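Enquirer: The structure under discussion is supplied below as structure tokens; questions concerning it will follow.
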Amino acid sequence: GRAYFTTQNNYIYCIDISNSQTPLWSKQFEGSSSTFNHRPSTPALSPDNNRVYVVIDYTFCSFDNVDGTLLYNITLKEENNMPLYLSVDKDEHVYFCSETVLYGIDGNTWDIIYQIDSPDLVYLDSALIISGNSTVTLQSGNRMAILTDLSSSCEDNSSSSS
């Protein structure tokens with residue numbers, strides 16, 4: 001099996017789990033003109049395991065699983081912090097939160113299907129849970145949002161219990 005990880009210097013690595021001494025491949029992404037290297041997101045695999053998705057240097061990237069070829073990239077809005085986690089549904093829609101934007105990208109067509117700019121709704125540490133074909137649940141602290149077919153509802157569960 002293979003494992004993927006990223007480093008702060010904008011590298012993505014692929015290692016063989018049975019022999020992790022030597023990477024099967026590694027790529028450094030040279031993206032925007034930013035001089036500060038933020039920690040890239042955790043990589044996520046496509047449902048068929050052929051592509052690896054990651055956000056590096058304010059850029060959504062798709063790499064070939066076998067040799068690390070960069071298949072495509074999409075420049076994102078630059079904010080103070082980058083997304084930490086990516087989630088992929090069975091239709092190969094990739095979801096992630098930046099500091100104030102929820103993104104959904106179709107991994108097959110490279111189209112941006114969600115780009116919801118709402119600082120009250122999302123935050124970079126939001127946990128993304130995908131259920132069904134098109135329902136995304138976000139949770140950050142005591143806030144929760146459910147998005148279904150480009151509509152959303154937000155519930156604040158901030159009441160304290162004593």
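Ligands are numbered from 1 in the order shown, chains are lettered A, B, ... in the order of the structure tokens, and residues start at 1 in each chain.
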May I have the residues within 7 Å of A:Leu76 as an MDAnalysis selection string, using only C-alpha atoms and disregarding those fewer than 5 positions away in the same chain?
Expert: chainID A and resid 58:60
Enquirer: Could those selected residues go to a file with all heavy atoms, as a short mmCIF file (atom, residue, chain, number, x, y, z; two decimals), in the first residue's frame?
Expert:
data_model
loop_
_atom_site.label_atom_id
_atom_site.label_comp_id
_atom_site.auth_asym_id
_atom_site.auth_seq_id
_atom_site.Cartn_x
_atom_site.Cartn_y
_atom_site.Cartn_z
N TYR A 58 -2.02 27.93 -1.39
CA TYR A 58 -3.26 28.54 -1.87
C TYR A 58 -3.69 28.02 -3.24
O TYR A 58 -4.30 28.72 -4.02
CB TYR A 58 -3.16 30.07 -1.90
CG TYR A 58 -2.80 30.65 -0.56
CD1 TYR A 58 -1.53 31.12 -0.32
CD2 TYR A 58 -3.75 30.70 0.46
CE1 TYR A 58 -1.20 31.64 0.93
CE2 TYR A 58 -3.42 31.22 1.70
CZ TYR A 58 -2.14 31.68 1.92
OH TYR A 58 -1.81 32.19 3.15
N THR A 59 -3.36 26.76 -3.52
CA THR A 59 -3.69 26.15 -4.80
C THR A 59 -4.20 24.73 -4.56
O THR A 59 -3.56 23.94 -3.87
CB THR A 59 -2.45 26.10 -5.72
OG1 THR A 59 -1.90 27.41 -5.83
CG2 THR A 59 -2.80 25.58 -7.09
N PHE A 60 -5.37 24.42 -5.12
CA PHE A 60 -5.90 23.06 -5.09
C PHE A 60 -5.19 22.28 -6.19
O PHE A 60 -5.20 22.69 -7.36
CB PHE A 60 -7.41 23.07 -5.33
CG PHE A 60 -7.99 21.71 -5.47
CD1 PHE A 60 -8.24 20.93 -4.34
CD2 PHE A 60 -8.29 21.19 -6.71
CE1 PHE A 60 -8.78 19.66 -4.46
CE2 PHE A 60 -8.83 19.92 -6.85
CZ PHE A 60 -9.08 19.16 -5.72
#
Enquirer: Could you build a table of the residues in stretch 13-93 of chain A lying no more than 12 Å from stretch 4-9 of chain A, giving for each the nearest pair of atoms and their separation in Å rounded to one decimal place, using only C-alpha atoms, ordered by chain and ascending residue number, as a Markdown table?
Expert:
| residue | atom | partner | partner_atom | distance |
| --- | --- | --- | --- | --- |
| A:Tyr13 | CA | A:Phe5 | CA | 5.4 |
| A:Cys14 | CA | A:Tyr4 | CA | 4.6 |
| A:Ile15 | CA | A:Tyr4 | CA | 6.5 |
| A:Asp16 | CA | A:Tyr4 | CA | 9.1 |
| A:Ile17 | CA | A:Tyr4 | CA | 9.7 |
| A:Ser20 | CA | A:Tyr4 | CA | 10.9 |
| A:Pro23 | CA | A:Tyr4 | CA | 9.6 |
| A:Leu24 | CA | A:Tyr4 | CA | 10.1 |
| A:Trp25 | CA | A:Tyr4 | CA | 9.8 |
| A:Ser26 | CA | A:Thr6 | CA | 9.3 |
| A:Lys27 | CA | A:Thr6 | CA | 9.5 |
| A:Gln28 | CA | A:Asn9 | CA | 7.6 |
| A:Phe29 | CA | A:Asn9 | CA | 8.7 |
| A:Glu30 | CA | A:Asn9 | CA | 9.6 |
| A:Gly31 | CA | A:Asn9 | CA | 11.4 |
| A:Thr35 | CA | A:Asn9 | CA | 10.8 |
| A:Phe36 | CA | A:Asn9 | CA | 9.3 |
| A:Asn37 | CA | A:Asn9 | CA | 6.0 |
| A:His38 | CA | A:Gln8 | CA | 6.0 |
| A:Arg39 | CA | A:Gln8 | CA | 4.5 |
| A:Pro40 | CA | A:Thr6 | CA | 6.2 |
| A:Ser41 | CA | A:Thr6 | CA | 7.3 |
| A:Thr42 | CA | A:Phe5 | CA | 6.5 |
| A:Pro43 | CA | A:Phe5 | CA | 6.2 |
| A:Ala44 | CA | A:Tyr4 | CA | 8.3 |
| A:Leu45 | CA | A:Tyr4 | CA | 9.1 |
| A:Asn49 | CA | A:Tyr4 | CA | 11.7 |
| A:Arg51 | CA | A:Tyr4 | CA | 11.2 |
| A:Val52 | CA | A:Tyr4 | CA | 8.2 |
| A:Tyr53 | CA | A:Tyr4 | CA | 10.1 |
| A:Val54 | CA | A:Thr6 | CA | 8.5 |
| A:Val55 | CA | A:Thr6 | CA | 9.7 |
| A:Ile56 | CA | A:Thr6 | CA | 8.7 |
| A:Asp57 | CA | A:Asn9 | CA | 9.4 |
| A:Phe63 | CA | A:Tyr4 | CA | 11.0 |
| A:Asp64 | CA | A:Tyr4 | CA | 11.8 |
| A:Asn65 | CA | A:Tyr4 | CA | 9.3 |
| A:Val66 | CA | A:Tyr4 | CA | 11.5 |
| A:Gly68 | CA | A:Tyr4 | CA | 10.6 |
| A:Met82 | CA | A:Gln8 | CA | 11.6 |
| A:Leu84 | CA | A:Thr6 | CA | 11.0 |
| A:Tyr85 | CA | A:Thr6 | CA | 11.8 |
Enquirer: Go through A:Val136, A:Ile12, A:Cys61, A:Ala3 one by one, measure the shortest atom-to-atom distance of each to A:Asp89 using only C-alpha atoms, and give the residue with the smallest value.
Expert: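 Of all the options, A:Val136 lies closest to A:Asp89.
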Enquirer: Using only C-alpha atoms, which of the listed residues (A:Ile146, A:Gln115, A:Trp110, A:Cys97) sits closest to A:Asn81?
Expert: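 Of A:Ile146, A:Gln115, A:Trp110, A:Cys97, the one nearest A:Asn81 is A:Cys97, counting only C-alpha atoms.
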Enquirer: Between A:Arg2, A:Thr137, A:Lys77, A:Tyr11, which residue has the minimum interatomic distance to A:Asp117, considering only C-alpha atoms?
Expert: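 For A:Asp117, the nearest of the candidates is A:Lys77.
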Enquirer: In Å, how far is it from atom CA of A:Asn108 to atom CA of A:Asn73?
Expert: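 For atom CA of A:Asn108 relative to atom CA of A:Asn73, the distance reads 12.6 Å.
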Enquirer: So how many Å separate atom CA of A:Ser18 and atom CA of A:Lys90, to one decimal?
Expert: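 Going from atom CA of A:Ser18 over to atom CA of A:Lys90, I get 27.6 Å.
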Enquirer: Tell me, in Å to one decimal, how far atom CA of A:Pro47 is from atom CA of A:Glu78.
Expert: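 Here the two named atoms are 28.1 Å from each other.
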